[in-house]
file my_file_24.cif (mmCIF, C-alpha atoms)
data_query
#
loop_
_atom_site.label_atom_id
_atom_site.label_comp_id
_atom_site.auth_asym_id
_atom_site.auth_seq_id
_atom_site.Cartn_x
_atom_site.Cartn_y
_atom_site.Cartn_z
CA MET A 60 99.46 64.64 122.52
CA ALA A 61 99.42 67.77 120.35
CA THR A 62 102.76 69.26 119.40
CA PRO A 63 102.94 73.00 120.13
CA HIS A 64 103.84 75.18 117.18
CA PHE A 65 106.08 78.15 117.78
CA SER A 66 106.27 80.88 115.16
CA SER A 67 109.72 81.83 113.90
CA ALA A 68 108.67 85.49 113.52
CA LEU A 69 109.81 88.05 116.03
CA PRO A 70 107.02 89.18 118.35
CA ALA A 71 105.85 92.69 117.50
CA PRO A 72 106.49 95.20 120.30
CA ALA A 73 103.57 96.50 122.27
CA VAL A 74 102.11 99.79 121.11
CA SER A 75 103.26 102.58 123.40
CA THR A 76 100.57 104.80 124.92
CA ALA A 77 102.62 107.78 123.71
CA TYR A 78 102.59 106.69 120.08
CA PRO A 79 101.95 109.86 118.06
CA MET A 80 98.60 110.33 116.38
CA ALA A 81 98.41 111.96 112.96
CA LYS A 82 96.75 115.30 112.31
CA PRO A 83 93.03 115.22 111.43
CA GLY A 84 92.76 113.98 107.87
CA TYR A 85 95.84 111.76 108.04
CA GLY A 86 96.87 108.42 109.53
CA LYS A 87 95.61 104.86 109.68
CA ARG A 88 92.06 103.79 108.80
CA THR A 89 90.80 100.22 109.29
CA THR A 90 88.68 98.67 106.54
CA PRO A 91 85.41 96.90 107.43
CA GLY A 92 84.58 93.22 107.22
CA GLN A 93 87.85 91.84 108.57
CA GLN A 94 88.20 88.47 110.21
CA ALA A 95 88.79 88.23 113.94
CA ARG A 96 92.42 88.39 115.04
CA ALA A 97 94.10 84.99 115.25
CA ARG A 98 97.51 83.70 116.28
CA ASP A 99 98.43 82.73 112.72
CA ASP A 100 97.68 86.16 111.19
CA PHE A 101 100.36 87.13 108.66
CA ALA A 102 101.84 83.62 108.91
CA LEU A 103 102.59 83.50 105.19
CA LEU A 104 104.64 86.70 105.25
CA PRO A 105 108.43 86.86 105.73
CA THR A 106 109.76 87.55 109.22
CA ARG A 107 110.30 91.29 108.81
CA GLU A 108 106.93 91.93 107.15
CA ARG A 109 105.17 89.80 109.78
CA TYR A 110 106.86 91.85 112.51
CA VAL A 111 105.80 95.18 110.97
CA ALA A 112 102.28 93.97 110.15
CA GLY A 113 101.69 92.77 113.72
CA PHE A 114 102.65 96.20 115.04
CA VAL A 115 100.58 98.18 112.53
CA ASP A 116 97.54 95.95 113.09
CA HIS A 117 97.40 96.97 116.77
CA LEU A 118 97.72 100.72 116.10
CA PRO A 119 94.50 102.68 116.69
CA ASP A 120 92.75 104.48 113.87
CA GLY A 121 94.31 107.87 113.28
CA ALA A 122 97.81 106.76 114.30
CA SER A 123 100.72 108.16 112.31
CA MET A 124 101.77 105.83 109.51
CA SER A 125 104.88 107.64 108.33
CA VAL A 126 108.00 105.55 107.79
CA LYS A 127 109.93 107.80 110.19
CA GLN A 128 107.52 107.26 113.09
CA LEU A 129 107.29 103.52 112.51
CA ALA A 130 111.09 103.21 112.46
CA LYS A 131 111.28 105.02 115.82
CA GLN A 132 108.95 102.45 117.38
CA LEU A 133 110.54 99.41 115.66
CA PRO A 134 114.25 99.65 116.51
CA LEU A 135 115.15 96.39 114.79
CA TYR A 136 114.78 97.98 111.34
CA GLY A 137 115.68 101.32 109.80
CA GLN A 138 113.53 103.58 107.64
CA GLN A 139 114.59 101.93 104.38
CA ALA A 140 113.69 98.48 105.71
CA ILE A 141 110.34 99.74 107.01
CA SER A 142 109.59 101.32 103.62
CA THR A 143 110.40 98.06 101.83
CA ALA A 144 108.22 96.14 104.29
CA LEU A 145 105.26 98.47 103.66
CA ASN A 146 105.68 97.93 99.90
CA ALA A 147 105.54 94.17 100.48
CA LEU A 148 102.45 94.53 102.69
CA SER A 149 100.79 96.56 99.94
CA VAL A 150 101.52 93.84 97.38
CA ALA A 151 100.24 91.22 99.84
CA GLY A 152 96.90 93.08 99.99
CA HIS A 153 97.06 94.52 103.52
CA LEU A 154 97.28 98.29 102.90
CA ARG A 155 96.64 101.08 100.43
CA ARG A 156 97.72 104.72 100.67
CA VAL A 157 95.08 107.16 99.37
CA ARG A 158 94.46 110.89 99.05
CA CYS A 159 90.96 112.37 99.12
CA ALA A 160 89.78 115.83 98.02
CA VAL A 161 87.47 117.37 100.61
CA GLY A 162 85.68 120.70 100.63
CA ALA A 163 84.03 122.58 97.80
CA GLY A 164 85.10 125.11 95.22
CA ASP A 165 88.28 126.99 96.01
CA GLU A 166 88.29 125.57 99.56
CA THR A 167 89.16 122.07 98.35
CA ARG A 168 92.17 120.46 100.02
CA TRP A 169 93.74 117.01 99.99
CA VAL A 170 93.82 114.68 102.98
CA PHE A 171 95.86 111.50 103.19
CA ARG A 172 95.01 108.11 104.70
CA THR A 173 96.51 104.64 104.92
CA PHE A 174 93.79 102.00 104.73
CA TRP A 175 94.72 98.84 106.61
CA SER A 176 93.26 95.33 106.46
CA SER A 177 94.63 92.47 108.56
CA THR A 178 92.77 90.18 106.14
CA ALA A 179 94.64 90.09 102.84
CA ARG A 180 92.54 91.49 99.97
CA ASP A 181 93.02 91.18 96.23
CA ASN A 182 93.11 94.10 93.78
CA GLU A 183 89.47 93.62 92.77
CA TRP A 184 88.31 93.98 96.38
CA TRP A 185 90.43 97.10 96.95
CA ASN A 186 89.24 98.72 93.71
CA THR A 187 85.60 98.06 94.60
CA TYR A 188 85.95 99.29 98.18
CA LEU A 189 87.89 102.44 97.31
CA ALA A 190 85.20 103.35 94.75
CA THR A 191 82.45 103.33 97.40
CA GLU A 192 81.19 106.36 99.28
CA THR A 193 82.06 104.58 102.55
CA ALA A 194 85.77 104.70 101.72
CA THR A 195 85.53 108.37 100.73
CA GLU A 196 83.76 109.29 103.97
CA THR A 197 86.33 107.33 105.96
CA ALA A 198 89.16 109.13 104.21
CA ALA A 199 87.63 112.56 104.86
CA PRO A 200 88.65 114.21 108.13
CA ALA A 201 86.18 114.35 110.96
CA PRO A 202 85.04 117.75 112.30
CA ASP A 203 87.33 119.28 114.89
CA THR A 204 85.04 118.34 117.78
CA ALA A 205 87.12 115.55 119.27
CA PRO A 206 88.76 116.10 122.69
CA PRO A 207 92.46 116.97 122.66
CA PRO A 208 94.93 114.06 122.61
CA PRO A 209 96.16 112.84 126.03
CA TRP A 210 99.59 114.44 125.67
CA VAL A 211 98.09 117.97 125.42
CA PRO A 212 98.01 119.36 129.00
CA ALA A 213 94.66 120.70 130.12
CA GLU A 214 94.32 124.13 131.59
CA GLU A 215 94.97 124.03 135.31
CA PRO A 216 92.13 125.40 137.49
CA PRO A 217 92.96 128.00 140.13
CA PRO A 218 94.01 126.55 143.51
CA ALA A 219 91.04 125.83 145.77
CA GLY A 220 90.90 127.12 149.31
CA PRO A 221 88.93 125.72 152.26
CA GLU A 222 85.76 127.43 150.97
CA GLY A 223 86.21 126.55 147.32
CA PRO A 224 88.18 127.92 144.36
CA ALA A 225 90.05 131.12 145.07
CA VAL A 226 88.40 134.17 143.50
CA PRO A 227 90.51 137.29 143.07
CA GLU A 228 89.15 140.10 145.20
CA LYS A 229 88.11 143.26 143.38
CA VAL A 230 89.90 146.37 144.54
CA PRO A 231 87.98 149.63 144.07
CA GLY A 232 89.71 152.17 141.93
CA PRO A 233 89.25 154.50 139.02
CA THR A 234 87.39 153.21 136.02
CA PRO A 235 89.95 152.09 133.45
CA MET A 236 89.90 153.82 130.11
CA PRO A 237 89.14 151.63 127.10
CA PRO A 238 92.27 150.72 125.15
CA GLN A 239 93.01 152.89 122.19
CA ARG A 240 93.24 150.98 118.94
CA THR A 241 96.30 151.65 116.89
CA PRO A 242 95.52 151.83 113.17
CA PRO A 243 97.19 148.95 111.32
CA GLN A 244 100.39 149.77 109.59
CA ALA A 245 100.27 149.55 105.83
CA PRO A 246 102.73 146.94 104.56
CA ASP A 247 105.56 147.92 102.32
CA ALA A 248 104.59 147.93 98.68
CA GLU A 249 107.32 145.42 97.95
CA PHE A 250 105.86 142.81 100.31
CA ALA A 251 102.17 143.64 99.89
CA GLN A 252 100.00 140.80 98.56
CA PRO A 253 96.63 141.12 96.83
CA ALA A 254 93.65 141.01 99.16
CA GLU A 255 92.06 138.19 97.12
CA SER A 256 93.98 135.70 95.03
CA SER A 257 92.45 134.13 91.96
CA PRO A 258 91.45 130.42 91.93
CA ALA A 259 94.26 129.75 89.45
CA TYR A 260 96.85 131.34 91.77
CA LEU A 261 95.55 129.39 94.80
CA ALA A 262 95.60 126.10 92.88
CA LEU A 263 99.25 126.66 91.94
CA ALA A 264 100.18 127.73 95.46
CA ARG A 265 98.71 124.54 96.95
CA LEU A 266 100.69 122.23 94.66
CA GLY A 267 103.77 122.36 96.90
CA ARG A 268 101.67 121.40 99.92
CA ASP A 269 100.23 118.38 98.11
CA ASP A 270 103.61 117.30 96.68
CA HIS A 271 106.91 118.79 97.86
CA ARG A 272 108.42 118.26 94.39
CA LEU A 273 106.17 121.01 93.03
CA GLY A 274 106.93 123.75 95.54
CA LEU A 275 106.56 127.16 93.86
CA SER A 276 107.52 130.62 95.02
CA ALA A 277 105.13 133.56 94.96
CA ASP A 278 106.80 134.88 91.80
CA ASP A 279 106.46 131.45 90.14
CA CYS A 280 102.73 131.36 90.94
CA THR A 281 102.27 134.87 89.52
CA THR A 282 104.15 133.89 86.35
CA LEU A 283 102.11 130.71 85.78
CA GLU A 284 98.76 132.20 86.86
CA PRO A 285 97.67 133.32 83.33
CA LEU A 286 98.36 129.83 81.94
CA ALA A 287 96.38 128.14 84.74
CA ALA A 288 93.56 130.66 84.31
CA GLN A 289 93.15 129.52 80.69
CA TRP A 290 92.32 126.03 81.99
CA LEU A 291 89.65 127.35 84.35
CA ASP A 292 88.24 129.56 81.59
CA ARG A 293 87.67 126.40 79.53
CA GLY A 294 85.40 124.92 82.18
CA VAL A 295 87.74 122.58 84.10
CA THR A 296 87.75 122.53 87.90
CA THR A 297 90.70 123.23 90.16
CA ASP A 298 90.62 119.53 91.15
CA TYR A 299 91.07 118.50 87.52
CA LEU A 300 93.85 121.04 87.08
CA THR A 301 95.65 119.81 90.22
CA SER A 302 95.36 116.10 89.38
CA THR A 303 96.62 116.69 85.83
CA LEU A 304 99.64 118.68 86.98
CA THR A 305 100.59 116.17 89.70
CA ALA A 306 99.99 112.90 87.81
CA GLY A 307 103.01 110.86 86.73
CA LEU A 308 105.72 113.08 88.17
CA PRO A 309 109.35 111.95 87.84
CA ALA A 310 111.18 110.88 90.98
CA GLN A 311 113.08 114.20 91.08
CA VAL A 312 111.92 117.55 89.73
CA ASP A 313 114.81 119.98 89.23
CA SER A 314 112.70 122.91 87.98
CA PRO A 315 109.08 122.82 89.19
CA VAL A 316 108.17 126.05 87.39
CA GLY A 317 109.61 124.79 84.09
CA LEU A 318 107.86 121.42 84.36
CA LEU A 319 104.52 123.01 85.21
CA ARG A 320 104.83 125.59 82.41
CA ARG A 321 105.30 122.82 79.86
CA ARG A 322 102.35 120.82 81.25
CA LEU A 323 100.08 123.87 81.33
CA ILE A 324 100.89 124.58 77.69
CA ASP A 325 101.05 121.03 76.29
CA LYS A 326 98.04 119.59 78.14
CA LEU A 327 95.69 122.57 77.73
CA PRO A 328 92.20 121.04 77.33
CA PRO A 329 90.02 121.96 74.34
CA ARG A 330 87.27 124.52 74.65
CA LEU A 331 83.93 122.70 74.54
CA PRO A 332 80.83 124.27 73.00
CA ALA A 333 78.16 125.48 75.38
CA ALA A 334 75.70 122.79 74.23
CA ALA A 335 78.05 120.00 75.30
CA SER A 336 78.47 121.32 78.82
CA THR A 337 77.18 119.33 81.79
CA PRO A 338 73.51 120.11 82.55
CA PRO A 339 73.18 122.20 85.71
CA ASP A 340 70.72 119.76 87.30
CA ILE A 341 73.38 117.02 87.50
CA PRO A 342 75.50 117.70 90.60
CA ALA A 343 79.19 117.12 90.27
CA PRO A 344 80.75 114.62 92.70
CA THR A 345 81.95 116.36 95.85
CA HIS A 346 84.64 113.85 96.76
CA ARG A 347 87.30 112.05 94.79
CA LEU A 348 89.69 109.41 96.03
CA LEU A 349 93.05 108.62 94.44
CA VAL A 350 95.41 105.82 95.39
CA GLU A 351 99.04 106.71 96.03
CA CYS A 352 101.92 104.45 95.13
CA THR A 353 103.10 103.00 98.43
CA ASP A 354 106.71 103.41 97.33
CA CYS A 355 107.04 106.73 95.45
CA GLY A 356 103.70 108.43 96.24
CA ARG A 357 102.56 108.83 92.61
CA PRO A 358 98.75 109.26 92.59
CA GLY A 359 96.27 107.58 90.28
CA PRO A 360 92.93 105.77 90.13
CA PRO A 361 92.80 102.43 92.00
CA GLU A 362 92.76 100.33 88.83
CA ALA A 363 95.95 102.03 87.56
CA LEU A 364 97.99 101.00 90.63
CA PRO A 365 97.68 97.22 91.07
CA ASP A 366 99.02 96.03 94.43
CA GLY A 367 99.17 99.71 95.45
CA LEU A 368 102.26 100.34 93.31
CA CYS A 369 102.72 102.32 90.11
CA ARG A 370 104.10 100.53 87.06
CA PRO A 371 107.82 101.42 87.54
CA CYS A 372 107.76 100.58 91.27
CA HIS A 373 105.78 97.40 90.59
CA THR A 374 108.40 96.34 88.04
CA ALA A 375 111.21 97.13 90.49
CA HIS A 376 109.48 95.15 93.24
CA SER A 377 108.86 92.17 90.96
CA THR A 378 112.41 92.02 89.62
CA GLY A 379 114.10 93.04 92.85
CA GLY A 380 116.04 95.76 91.09
CA GLN A 381 115.63 99.11 89.43
CA PRO A 382 112.67 99.70 87.08
CA SER A 383 113.39 99.05 83.45
CA PRO A 384 113.84 102.24 81.38
CA ASP A 385 111.19 103.36 78.93
CA PRO A 386 111.99 102.14 75.36
CA THR A 387 111.10 105.58 73.97
CA GLN A 388 113.65 107.17 76.29
CA ILE A 389 116.31 104.70 75.13
CA ALA A 390 115.58 105.53 71.50
CA ALA A 391 115.72 109.27 72.23
CA VAL A 392 119.10 108.93 73.96
CA LYS A 393 120.51 106.90 71.08
CA ALA A 394 119.30 109.45 68.54
CA HIS A 395 120.82 112.28 70.58
CA MET A 396 124.18 110.50 70.83
CA ALA A 397 124.17 109.78 67.09
CA ASN A 398 123.56 113.45 66.39
CA LEU A 399 126.45 114.44 68.66
CA ARG A 400 128.81 112.03 66.90
CA HIS A 401 127.75 113.49 63.54
CA LEU A 402 128.47 117.03 64.73
CA LEU A 403 131.90 116.04 66.03
CA LYS A 404 133.02 114.53 62.74
CA PRO A 405 135.74 116.53 61.01
CA VAL A 406 134.59 118.43 57.93
#
call {"tool": "encode", "arguments": {"input": "my_file_24.cif", "output": "structure tokens"}}
result
Amino acid sequence: MATPHFSSALPAPAVSTAYPMAKPGYGKRTTPGQQARARDDFALLPTRERYVAGFVDHLPDGASMSVKQLAKQLPLYGQQAISTALNALSVAGHLRRVRCAVGAGDETRWVFRTFWSSTARDNEWWNTYLATETATETAAPAPDTAPPPPWVPAEEPPPAGPEGPAVPEKVPGPTPMPPQRTPPQAPDAEFAQPAESSPAYLALARLGRDDHRLGLSADDCTTLEPLAAQWLDRGVTTDYLTSTLTAGLPAQVDSPVGLLRRRLIDKLPPRLPAAASTPPDIPAPTHRLLVECTDCGRPGPPEALPDGLCRPCHTAHSTGGQPSPDPTQIAAVKAHMANLRHLLKPV
């Protein structure tokens, strides 16, 4: 007689029909080629990760994958526990967070996805899949032709009478005069904005929408616009400018305008001769896909984020503590302290 095996993991709660869906361009995306669901899926994971993975696996494509929404649906764990579980699922090969540039020219914007695989994949598989056009097309938002979600109320038709829908009866009367258009009021000079902003200004203004740590005011964008324009004058694209300014950000940015000014000055690319420019018959790629660190959100190419984590977060996850400080930073601090001690010595 076979002995039944009961899993020690908590059963994942059923997905509510009112679970919020993400905006177009965001949310969960299922990878192809997965094995059929089985009872022992995620059996090798710890109890908490198995519980979260079972819930995420049954979410439909396009469902919100934010830590806040998942914590609302999984009352056994808070947001910090859910975030830690997602990091572990990334290391186990079940998910990757990505951002994809869609559009063309100055209309380029970033969309965000969380790729999910119930079948655990290694880094080589993820790197190969995320480099394919299929992954880029999956990450790009679909056209806004889908019907509204079920929680959006439809317009109510007029009440129907015994002969059909009620039609308001026309009452004869004088012909109404066409409405007189009021000329638009000119805005105050202090709050007036230019009719057309430059590509450099728009690229700086969108940084705060891509990463909240780089939120700039209108004055900040105007101040940094000449520096960013130098990059575009040297032949780089706004995508290249954006990725360079947002790569490798610290966990906390106290002065976004100061940080970006230094990067715009220090990382200014060289001016290439006209002969070395890309031939016009070779089209530039229209889509790029970057992987985000599952923990801190730092973007980078897939091969630079093994297990879906950047190097500091990967070190912290491996050691179970805080990431080890950079040796160059330690040396700089020691040199600074030695200089202070020298200045404080009595003459």
call {"tool": "resolve_selection", "arguments": {"input": "my_file_24.cif", "expression": "the PyMOL selection byres ((chain A and resi 91-104) around 9)", "output": "PyMOL selection string"}}
result
chain A and resi 66+68+89-90+105-110+112-113+147-148+151+176-179
call {"tool": "resolve_selection", "arguments": {"input": "my_file_24.cif", "expression": "the PyMOL selection byres ((chain A and resi 197) around 12)", "output": "count of residues only"}}
result
36
call {"tool": "closest_residue", "arguments": {"input": "my_file_24.cif", "among": "A:Arg268, A:Pro309, A:Leu133, A:Leu402", "to": "A:Pro371", "atoms": "all atoms listed in the file"}}
result
A:Pro309
call {"tool": "closest_residue", "arguments": {"input": "my_file_24.cif", "among": "A:Tyr78, A:Leu263, A:Thr143, A:Ser302", "to": "A:Pro360", "atoms": "all atoms listed in the file"}}
result
A:Ser302
call {"tool": "residues_around", "arguments": {"input": "my_file_24.cif", "residues": "A:Arg330", "least_positions_apart": "3", "cutoff": "10 Å", "atoms": "all atoms listed in the file", "output": "MDAnalysis selection string"}}
result
chainID A and resid 289:290 292:295 327 333
call {"tool": "decode", "arguments": {"input": "my_file_24.cif", "residues": "stretch 123-202 of chain A", "atoms": "C-alpha atoms", "output": "compact mmCIF listing (two decimals), in the first residue's frame"}}
result
# COMPACT_ATOMS: atom_id res chain seq x y z
CA SER A 123 0.55 43.41 -10.72
CA MET A 124 3.80 42.07 -9.31
CA SER A 125 4.61 44.84 -6.86
CA VAL A 126 5.63 43.82 -3.36
CA LYS A 127 2.83 45.96 -1.91
CA GLN A 128 0.08 44.22 -3.88
CA LEU A 129 1.45 40.75 -3.18
CA ALA A 130 1.62 41.49 0.56
CA LYS A 131 -2.04 42.55 0.51
CA GLN A 132 -3.04 39.19 -0.95
CA LEU A 133 -0.68 37.11 1.23
CA PRO A 134 -1.52 38.14 4.81
CA LEU A 135 0.89 35.67 6.39
CA TYR A 136 3.90 37.78 5.38
CA GLY A 137 4.70 41.48 5.27
CA GLN A 138 6.28 43.47 2.47
CA GLN A 139 9.84 42.87 3.68
CA ALA A 140 9.28 39.10 3.80
CA ILE A 141 7.69 39.13 0.34
CA SER A 142 10.65 41.12 -1.04
CA THR A 143 13.10 38.63 0.46
CA ALA A 144 11.09 35.73 -0.97
CA LEU A 145 11.16 37.27 -4.47
CA ASN A 146 14.95 37.64 -4.20
CA ALA A 147 15.20 33.95 -3.32
CA LEU A 148 12.92 33.01 -6.23
CA SER A 149 15.14 35.04 -8.55
CA VAL A 150 18.24 33.20 -7.33
CA ALA A 151 16.39 29.89 -7.71
CA GLY A 152 15.79 30.72 -11.40
CA HIS A 153 12.03 31.39 -11.37
CA LEU A 154 11.83 35.13 -12.17
CA ARG A 155 13.63 38.09 -13.68
CA ARG A 156 12.61 41.76 -13.56
CA VAL A 157 13.32 43.62 -16.82
CA ARG A 158 12.81 47.03 -18.40
CA CYS A 159 12.37 47.48 -22.15
CA ALA A 160 12.67 50.64 -24.25
CA VAL A 161 9.78 50.95 -26.70
CA GLY A 162 9.01 53.61 -29.27
CA ALA A 163 11.35 55.51 -31.55
CA GLY A 164 13.34 58.71 -31.36
CA ASP A 165 12.20 61.16 -28.72
CA GLU A 166 9.04 59.11 -28.09
CA THR A 167 10.99 56.29 -26.44
CA ARG A 168 9.76 55.23 -23.00
CA TRP A 169 10.55 52.41 -20.61
CA VAL A 170 8.14 49.62 -19.71
CA PHE A 171 8.66 47.13 -16.92
CA ARG A 172 7.91 43.40 -16.75
CA THR A 173 8.46 40.49 -14.40
CA PHE A 174 9.19 37.32 -16.35
CA TRP A 175 8.05 34.20 -14.51
CA SER A 176 8.94 30.54 -15.02
CA SER A 177 7.53 27.78 -12.81
CA THR A 178 10.35 25.62 -14.19
CA ALA A 179 13.63 26.72 -12.61
CA ARG A 180 16.09 28.06 -15.19
CA ASP A 181 19.82 28.67 -14.92
CA ASN A 182 21.58 31.94 -15.76
CA GLU A 183 22.61 30.73 -19.22
CA TRP A 184 18.99 30.02 -20.17
CA TRP A 185 17.80 33.40 -18.89
CA ASN A 186 20.59 35.27 -20.68
CA THR A 187 19.81 33.50 -23.96
CA TYR A 188 16.05 34.01 -23.68
CA LEU A 189 16.24 37.68 -22.68
CA ALA A 190 18.51 38.35 -25.69
CA THR A 191 15.89 37.05 -28.15
CA GLU A 192 13.37 39.18 -30.01
CA THR A 193 10.59 37.07 -28.48
CA ALA A 194 11.42 38.34 -25.00
CA THR A 195 11.59 41.93 -26.24
CA GLU A 196 8.21 41.66 -27.95
CA THR A 197 6.72 40.09 -24.83
CA ALA A 198 8.08 42.91 -22.69
CA ALA A 199 6.68 45.59 -25.00
CA PRO A 200 3.14 46.75 -24.21
CA ALA A 201 0.31 45.64 -26.42
CA PRO A 202 -1.74 48.26 -28.30
